[in-house]
Protein chains: 2
Amino acid sequence: MKISDKLNQAHSSPNPPPATFSFEFFVPKTSQGVQNLYDRMDRMYDLNPIFIDITWNAGGRSSSLTNEMVYTAQSTLGLETCMHLTCTNMKVELIDEALEKAYKSGCQNILALRGDPPLDGSESTGDFKYAKDLINYIRKKYGNHFNIGVAGYPEGHPEEDSDDDLLKYLKEKCDVGADFIITQMFYDVEIFINWCSRLRKIGINIPIIPGIMPISTYASFVRRAKWSEIHIPQHFLDALDPIKDDDFLVREKGTILLSEMCKKLLDSGYVNHLHFYTMNLERATIMILEQLNIIEPVKSHDIIGGAELPWRKSLHPQRSKESIRPIFWQNRKFSYITRTATWDEFPNGRWGDSRSPAFGDIDLCATELLRQSPKKALDLWGIPQSLKELSELIISYLMGDLKSLPWSDGPIGEDTAVLVEGLINLNNKGFFSMNSQPALNAVKSNEKVFGWGPKNGYVYQKQYLEFFCHKDLIPKLLYKIDSFNNNEGESSSSVISYYAVDKDGNLTTNCKDDDINAVTWGVFPGEEILQPTIVEKISFLAWKDEVYRLFSEWVNILQSNLVEADKEKVQNFTKLIEEFTNDFVLCNVVNNDFIDKNETIFNLIEGLNVPDLN
Amino acid sequence: MKISDKLNQAHSSPNPPPATFSFEFFVPKTSQGVQNLYDRMDRMYDLNPIFIDITWNAGGRSSSLTNEMVYTAQSTLGLETCMHLTCTNMKVELIDEALEKAYKSGCQNILALRGDPPLDGSESTGDFKYAKDLINYIRKKYGNHFNIGVAGYPEGHPEEDSDDDLLKYLKEKCDVGADFIITQMFYDVEIFINWCSRLRKIGINIPIIPGIMPISTYASFVRRAKWSEIHIPQHFLDALDPIKDDDFLVREKGTILLSEMCKKLLDSGYVNHLHFYTMNLERATIMILEQLNIIEPVKSHDIIGGAELPWRKSLHPQRSKESIRPIFWQNRKFSYITRTATWDEFPNGRWGDSRSPAFGDIDLCATELLRQSPKKALDLWGIPQSLKELSELIISYLMGDLKSLPWSDGPIGEDTAVLVEGLINLNNKGFFSMNSQPALNAVKSNEKVFGWGPKNGYVYQKQYLEFFCHKDLIPKLLYKIDSFNNNEGESSSSVISYYAVDKDGNLTTNCKDDDINAVTWGVFPGEEILQPTIVEKISFLAWKDEVYRLFSEWVNILQSNLVEADKEKVQNFTKLIEEFTNDFVLCNVVNNDFIDKNETIFNLIEGLNVPDLN
């Protein structure tokens, strides 16, 4: 969606917010840096920014990385994204490629920039000289598909002495079709307001979005201001200078200074949206937003309430009809999006004929699959030496001490809280839990933790539990479940459904081949019943491949980072995982009675006699 | 489905019923008779017969009427149907046409009969001489598509003196591919058992289905036995002769005699299915079934519990994917099936792209549309002279005193009981109720009145109310609803949804154009959420045409039957209906909060100031 339209929508609603905001991120230098930034962007999604933007790094791998990040932000993270694009020293072919990739990712916003001239002071060597040339080109090629932003310089530009000329250039950019202006960083509100009034006078009427640079440390604050040749108001210096050696105090004070500044900007009447230069950090920006009372204090996993669906909706144009996902990838959205990227058709409430196409191959290398560098993996998860240590790892994750697992991208969600005790018991008994959700019965759709979808609706869940169980226990476990079901009624509509599959794909289930079990659904005013999360055989088998593969990649990643001292440990680990994947069977269990309490499944497993973990 | 397969399925289940049963109906002479018989077949569906059969009336309109009734039984009433087909005096073209029509209706069962020879004693003039010729022909043309039944004569055939020859002919019919035998009526169990044992001895091993003729009156009992040349056991005569003038006692005693006879048949080991010659009557047959404890005593509208969907599933092959219907035709299944007969595709949980095709025209004449002859319409509904009398008619229907209305094929359902008081109030206040359903929250799927779908599930409903409201009141009513909604939240997800449309199609609604509101749904183990009943604009507009048309046809039907004495009354009625359809607006209202009580909608309407009905 276009930024102009989103701004318009937000501020013309009956109860407009005091201000909207957006975040800028730059392209990290390492691929682990990229993974970490994705996680951060993922968390910052919860703040509900109108858009994010990704800087352009001309030439080499980093420019295609911009495209890759735009794609991931749009389609995996569901963030409305604006792509920076500079044109000096750029061949038209490169511009074409970048625009085409952005277009295909569903990106509808470009920040059109001139970019730096060649370092030796010569003329630009590319096909474009000015940003306005780029705007013209984009408009000619894509009509009105893209919303186009341009840069504004309230305090002038280091290469341009004449403020009047600068204004003239800005007016030219607007006249050829710019839709909004994002300014260079500044701290002097007076200068900014004065500049805005001049813009309006010469007929520039598009939105002016101030660029806000939070203060993280005193050194970086001074360095950036100097580099950008902007004026620092005296009261900033007065407040920060005495505490300049205490980073913590600087950030605290900076928060107050910046939020006061933002307040003035909003009061000026020229501004209703704030653009934050996050420098790929989140804390300083969030503190300002909290101080301004624009957002609620952020909770760890406050994703769901108010969302359209219980999982993050992708903004990739091909995925616009996606309304159903298997539960198995609940904690693995990156690999899910990758594996389904080439689907022409998403199962959108239409089962039967138009079943999900086959899941793509897992053509990811070990680090991409586990989303951690070898070093990070070692730091996070160590080198488990026994089943006991493996289960301790899971328990530590369940207790919130560990922020990820090889099969879970992020920390445990608030929505699992009610199950945690049962899950810990399970892991202590020699089962290894992978994924779960509690039963929900008619929870209001605007409820904080579990709610999703339009207002005045009710949402539901069936309890889901996925775990590894030793193959010797499988017959006993399934017998217990079957007996329970037989007591409850005929087997064609079992209260407890299960699938159990080993590494080689040998499957035992009490479900029919084409059963599709809706395990999350919602009832809303004037709408069909939405049923966005399902359990079914075809996708469970695809997930089985991925989860056994995750274990072998975990081995690979530790072997690749082998320190001599760890050699024996890694050998043990390799053997442990080999035995584990041979001896343990991946199971999932659904309690179809969603009105029942969450104990039923746990009780069924509880009674089993389990051999000791050494 | 084939009768053989249905019998097999029923009797090889873990808990087989003591006996299964079926009903024979003959083709009535008048079209009002046909309508009445459909209503009776509709009621007898609730007894859960394995199949029904429809006799063949060779030649003229009545044979194509057999086809028409087979079509209606299969597709509108959802009854598994067996079509009789006689072959003497029939040109092969007629046989072809009859089979083709049966095939297209989804009928898979034919009772292949020879039929009567020409009355003058000459040879058959058609292309077939014996039933076995017909069987051969059907098998050649349709392979195994049809299950084929043949007639058996335990007490011989009036035209055939030799029992051995009769057995030989039966064996021949079996050898060319008969799948089951239905016998001529009889009362002597000994003769029947003896006959069965001879059949088995000569290698006839297909199911033998005894034809049971209930005793309604003494005269008809004796006449039929004599006509069929069958033996009446002495104890029948001893029991019935003394009471022969009391029809009531005869039927009571007949029930006991016939049920004793059926018991012996079932005990003989040759029989597990009883076929009743209903003579198009229901009471005598039901009394025998009750006496045998094969069915529960029949309640008035015990349709839903145990059914696959909340409405009767059609057995027409083209409708096998039908899983969604608009609520508007809830009480008008005949016109709904007619209007959607040519649909290639039914909306089956797939909304969005594959929306329902346009509803067909209402190309039914007045009597077919109202399903009553002019005389019957007059008897049932009189000639209302005022709005007051019109509302009294509806109230009488709501109280169960009137068994149908022009817009409701059958009596008020048990499922509406909880709303009746509110509906009567509504009609007393000058609103005219058309259709409704109460809210349901998590009712067990096997519950008697409201349950449907597989076991161990839960079913839900949103309260629905459809009624006529005077056009002058519409603004006030909608304002009240809007105010209520605004108190509850933003209008994009209103708690109360409504549509109001006048005769000319002027529509007011708080729903979006493509909104589809699921108002009945069910949650079942291991399955997607089924949502078989919806409210949406496109079908509501089609229904609007039908309901206004019903009123004008009501006028037509009374005018067509004009008795001089009623002339003035019919003139008044004509004027009344003209004013009514001009002044009253068809409204439907859904309370999306299905957890709420049923009072909300009534309370909203309650507060309105309504002008007096004269």
# chains A, B, ... in the order shown; residues from 1 in each chain; ligands from 1
>>> interface_residues(of="chain A", to="chain B", cutoff="6 Å", atoms="only C-alpha atoms", output="list in words")
Arg350, Lys455, Ser493, Val495, Ile516, Asn517, Ala518, Pro525, Gly526, Glu527, Glu528 and Asn592 of chain A
>>> residues_around(residues="Ile215 of chain A", least_positions_apart="4", cutoff="9 Å", atoms="only C-alpha atoms", output="short mmCIF file (atom, residue, chain, number, x, y, z; two decimals) with C-alpha atoms, in the first residue's frame")
data_model
loop_
_atom_site.label_atom_id
_atom_site.label_comp_id
_atom_site.auth_asym_id
_atom_site.auth_seq_id
_atom_site.Cartn_x
_atom_site.Cartn_y
_atom_site.Cartn_z
CA SER A 220 27.56 9.53 18.23
CA PHE A 221 25.14 12.40 18.79
CA VAL A 250 22.42 10.21 28.02
CA ARG A 251 19.78 7.95 26.55
CA GLU A 252 17.33 8.83 29.33
CA LYS A 253 17.88 12.56 28.90
CA GLY A 254 17.97 12.21 25.12
CA THR A 255 14.57 10.59 25.27
CA LEU A 258 13.69 14.27 21.62
CA ALA A 284 16.15 4.57 22.02
CA THR A 285 13.34 4.88 19.46
#
>>> select_by_dssp(residues="segment 105-243 of chain B", states="alpha helix (DSSP H)", output="MDAnalysis selection string")
chainID B and resid 131:142 163:175 189:201 218:227 234:240
>>> residues_around(residues="Phe186 of chain A", least_positions_apart="2", cutoff="12 Å", atoms="only C-alpha atoms", output="ChimeraX atom specification")
/A:152-156,182-184,188-193,195,209-215,221-222,224-233,236,258,261-262,265,275-277
>>> residues_around(residues="Ile605 of chain A", least_positions_apart="5", cutoff="9 Å", atoms="only C-alpha atoms", output="PyMOL selection string")
chain A and resi 426+477+480-481+600
>>> atom_distance(atom1="atom CA of Leu423 of chain A", atom2="atom CA of Arg40 of chain A")
27.5 Å
>>> closest_residue(among="A:Val547, A:Cys107, A:Val501, A:Met44", to="His470 of chain A", atoms="only C-alpha atoms")
A:Val501
>>> residues_around(residues="Tyr464 of chain B", least_positions_apart="4", cutoff="6 Å", atoms="only C-alpha atoms", output="MDAnalysis selection string")
chainID B and resid 436:437 589:590
>>> atom_distance(atom1="atom CA of Ile202 of chain A", atom2="atom CA of Asp163 of chain A")
13.3 Å
>>> select_by_dssp(residues="segment 93-281 of chain A", states="strand (DSSP E)", output="PDB file with N, CA, C and O atoms, in the first residue's frame")
ATOM      1  N   ASN A 109       6.621   1.731  -2.517  1.00  0.00           N
ATOM      2  CA  ASN A 109       7.163   3.008  -2.069  1.00  0.00           C
ATOM      3  C   ASN A 109       8.660   3.077  -2.310  1.00  0.00           C
ATOM      4  O   ASN A 109       9.400   2.178  -1.919  1.00  0.00           O
ATOM      5  N   ILE A 110       9.080   4.150  -2.958  1.00  0.00           N
ATOM      6  CA  ILE A 110      10.497   4.362  -3.257  1.00  0.00           C
ATOM      7  C   ILE A 110      10.902   5.730  -2.705  1.00  0.00           C
ATOM      8  O   ILE A 110      10.177   6.712  -2.909  1.00  0.00           O
ATOM      9  N   LEU A 111      12.026   5.780  -1.995  1.00  0.00           N
ATOM     10  CA  LEU A 111      12.599   7.074  -1.655  1.00  0.00           C
ATOM     11  C   LEU A 111      13.665   7.366  -2.700  1.00  0.00           C
ATOM     12  O   LEU A 111      14.712   6.720  -2.740  1.00  0.00           O
ATOM     13  N   ALA A 112      13.363   8.306  -3.602  1.00  0.00           N
ATOM     14  CA  ALA A 112      14.243   8.574  -4.752  1.00  0.00           C
ATOM     15  C   ALA A 112      15.312   9.593  -4.355  1.00  0.00           C
ATOM     16  O   ALA A 112      14.994  10.738  -4.039  1.00  0.00           O
ATOM     17  N   LEU A 113      16.570   9.145  -4.390  1.00  0.00           N
ATOM     18  CA  LEU A 113      17.671   9.977  -3.915  1.00  0.00           C
ATOM     19  C   LEU A 113      18.703  10.178  -5.014  1.00  0.00           C
ATOM     20  O   LEU A 113      18.855   9.313  -5.880  1.00  0.00           O
ATOM     21  N   ASN A 147       4.589   5.031  -4.895  1.00  0.00           N
ATOM     22  CA  ASN A 147       4.540   6.270  -4.161  1.00  0.00           C
ATOM     23  C   ASN A 147       6.012   6.705  -4.025  1.00  0.00           C
ATOM     24  O   ASN A 147       6.865   5.900  -3.661  1.00  0.00           O
ATOM     25  N   ILE A 148       6.292   7.962  -4.375  1.00  0.00           N
ATOM     26  CA  ILE A 148       7.706   8.370  -4.404  1.00  0.00           C
ATOM     27  C   ILE A 148       7.993   9.453  -3.377  1.00  0.00           C
ATOM     28  O   ILE A 148       7.326  10.490  -3.346  1.00  0.00           O
ATOM     29  N   GLY A 149       8.952   9.162  -2.530  1.00  0.00           N
ATOM     30  CA  GLY A 149       9.387  10.145  -1.541  1.00  0.00           C
ATOM     31  C   GLY A 149      10.691  10.788  -1.984  1.00  0.00           C
ATOM     32  O   GLY A 149      11.439  10.212  -2.769  1.00  0.00           O
ATOM     33  N   VAL A 150      10.937  12.005  -1.483  1.00  0.00           N
ATOM     34  CA  VAL A 150      12.200  12.680  -1.783  1.00  0.00           C
ATOM     35  C   VAL A 150      12.793  13.229  -0.491  1.00  0.00           C
ATOM     36  O   VAL A 150      12.100  13.370   0.517  1.00  0.00           O
ATOM     37  N   ALA A 151      14.086  13.526  -0.534  1.00  0.00           N
ATOM     38  CA  ALA A 151      14.765  14.037   0.651  1.00  0.00           C
ATOM     39  C   ALA A 151      14.608  15.552   0.745  1.00  0.00           C
ATOM     40  O   ALA A 151      14.608  16.253  -0.267  1.00  0.00           O
ATOM     41  N   GLY A 152      14.435  16.053   1.974  1.00  0.00           N
ATOM     42  CA  GLY A 152      14.390  17.496   2.209  1.00  0.00           C
ATOM     43  C   GLY A 152      15.476  17.884   3.214  1.00  0.00           C
ATOM     44  O   GLY A 152      15.829  17.085   4.090  1.00  0.00           O
ATOM     45  N   PHE A 180       5.850  12.613  -1.140  1.00  0.00           N
ATOM     46  CA  PHE A 180       6.096  13.033   0.244  1.00  0.00           C
ATOM     47  C   PHE A 180       7.575  13.376   0.397  1.00  0.00           C
ATOM     48  O   PHE A 180       8.397  12.987  -0.431  1.00  0.00           O
ATOM     49  N   ILE A 181       7.860  14.131   1.453  1.00  0.00           N
ATOM     50  CA  ILE A 181       9.235  14.542   1.727  1.00  0.00           C
ATOM     51  C   ILE A 181       9.670  13.948   3.063  1.00  0.00           C
ATOM     52  O   ILE A 181       8.925  14.025   4.048  1.00  0.00           O
ATOM     53  N   ILE A 182      10.834  13.322   3.104  1.00  0.00           N
ATOM     54  CA  ILE A 182      11.432  12.936   4.380  1.00  0.00           C
ATOM     55  C   ILE A 182      12.671  13.797   4.578  1.00  0.00           C
ATOM     56  O   ILE A 182      13.503  13.919   3.669  1.00  0.00           O
ATOM     57  N   THR A 183      12.760  14.418   5.752  1.00  0.00           N
ATOM     58  CA  THR A 183      13.873  15.354   5.934  1.00  0.00           C
ATOM     59  C   THR A 183      15.108  14.669   6.494  1.00  0.00           C
ATOM     60  O   THR A 183      15.039  13.617   7.121  1.00  0.00           O
ATOM     61  N   GLN A 184      16.209  15.329   6.275  1.00  0.00           N
ATOM     62  CA  GLN A 184      17.463  15.042   6.941  1.00  0.00           C
ATOM     63  C   GLN A 184      17.243  15.226   8.445  1.00  0.00           C
ATOM     64  O   GLN A 184      16.316  15.924   8.877  1.00  0.00           O
ATOM     65  N   MET A 185      18.078  14.577   9.270  1.00  0.00           N
ATOM     66  CA  MET A 185      17.971  14.754  10.724  1.00  0.00           C
ATOM     67  C   MET A 185      18.181  16.224  11.101  1.00  0.00           C
ATOM     68  O   MET A 185      18.864  16.971  10.398  1.00  0.00           O
ATOM     69  N   ILE A 208       5.155  16.563   4.800  1.00  0.00           N
ATOM     70  CA  ILE A 208       6.554  16.732   5.208  1.00  0.00           C
ATOM     71  C   ILE A 208       6.779  15.829   6.419  1.00  0.00           C
ATOM     72  O   ILE A 208       6.124  15.978   7.446  1.00  0.00           O
ATOM     73  N   ILE A 209       7.690  14.892   6.268  1.00  0.00           N
ATOM     74  CA  ILE A 209       7.949  13.930   7.339  1.00  0.00           C
ATOM     75  C   ILE A 209       9.313  14.214   7.936  1.00  0.00           C
ATOM     76  O   ILE A 209      10.335  14.055   7.263  1.00  0.00           O
ATOM     77  N   PRO A 210       9.332  14.666   9.201  1.00  0.00           N
ATOM     78  CA  PRO A 210      10.631  14.975   9.814  1.00  0.00           C
ATOM     79  C   PRO A 210      11.397  13.699  10.141  1.00  0.00           C
ATOM     80  O   PRO A 210      10.814  12.724  10.621  1.00  0.00           O
ATOM     81  N   GLY A 211      12.691  13.717   9.862  1.00  0.00           N
ATOM     82  CA  GLY A 211      13.551  12.591  10.224  1.00  0.00           C
ATOM     83  C   GLY A 211      14.121  12.803  11.611  1.00  0.00           C
ATOM     84  O   GLY A 211      14.762  13.808  11.882  1.00  0.00           O
ATOM     85  N   ILE A 212      13.842  11.881  12.519  1.00  0.00           N
ATOM     86  CA  ILE A 212      14.245  12.030  13.920  1.00  0.00           C
ATOM     87  C   ILE A 212      15.394  11.070  14.223  1.00  0.00           C
ATOM     88  O   ILE A 212      15.271   9.870  14.024  1.00  0.00           O
ATOM     89  N   HIS A 273       3.397  12.958  11.400  1.00  0.00           N
ATOM     90  CA  HIS A 273       4.081  11.668  11.287  1.00  0.00           C
ATOM     91  C   HIS A 273       5.557  11.856  11.579  1.00  0.00           C
ATOM     92  O   HIS A 273       6.165  12.832  11.135  1.00  0.00           O
ATOM     93  N   LEU A 274       6.137  10.949  12.335  1.00  0.00           N
ATOM     94  CA  LEU A 274       7.552  11.036  12.720  1.00  0.00           C
ATOM     95  C   LEU A 274       8.322   9.860  12.131  1.00  0.00           C
ATOM     96  O   LEU A 274       7.886   8.717  12.251  1.00  0.00           O
ATOM     97  N   HIS A 275       9.462  10.167  11.498  1.00  0.00           N
ATOM     98  CA  HIS A 275      10.273   9.117  10.895  1.00  0.00           C
ATOM     99  C   HIS A 275      11.557   8.955  11.696  1.00  0.00           C
ATOM    100  O   HIS A 275      12.320   9.912  11.843  1.00  0.00           O
ATOM    101  N   PHE A 276      11.782   7.767  12.231  1.00  0.00           N
ATOM    102  CA  PHE A 276      12.934   7.565  13.106  1.00  0.00           C
ATOM    103  C   PHE A 276      14.099   6.903  12.381  1.00  0.00           C
ATOM    104  O   PHE A 276      13.935   5.841  11.782  1.00  0.00           O
ATOM    105  N   TYR A 277      15.261   7.544  12.485  1.00  0.00           N
ATOM    106  CA  TYR A 277      16.494   6.903  12.040  1.00  0.00           C
ATOM    107  C   TYR A 277      16.951   5.979  13.160  1.00  0.00           C
ATOM    108  O   TYR A 277      17.595   6.413  14.110  1.00  0.00           O
TER     109      TYR A 277
END
>>> closest_residue(among="B:Pro326, B:Pro438, B:Pro242, B:Pro28", to="Val418 of chain B", atoms="only C-alpha atoms")
B:Pro438
>>> atom_distance(atom1="atom CA of Arg371 of chain B", atom2="atom CA of Gln35 of chain B")
6.4 Å
>>> residues_around(residues="Leu378 of chain B", least_positions_apart="3", cutoff="9 Å", atoms="only C-alpha atoms", output="JSON, numbers by chain")
{"B": [373, 374, 375, 381, 382, 383, 557, 558, 561]}
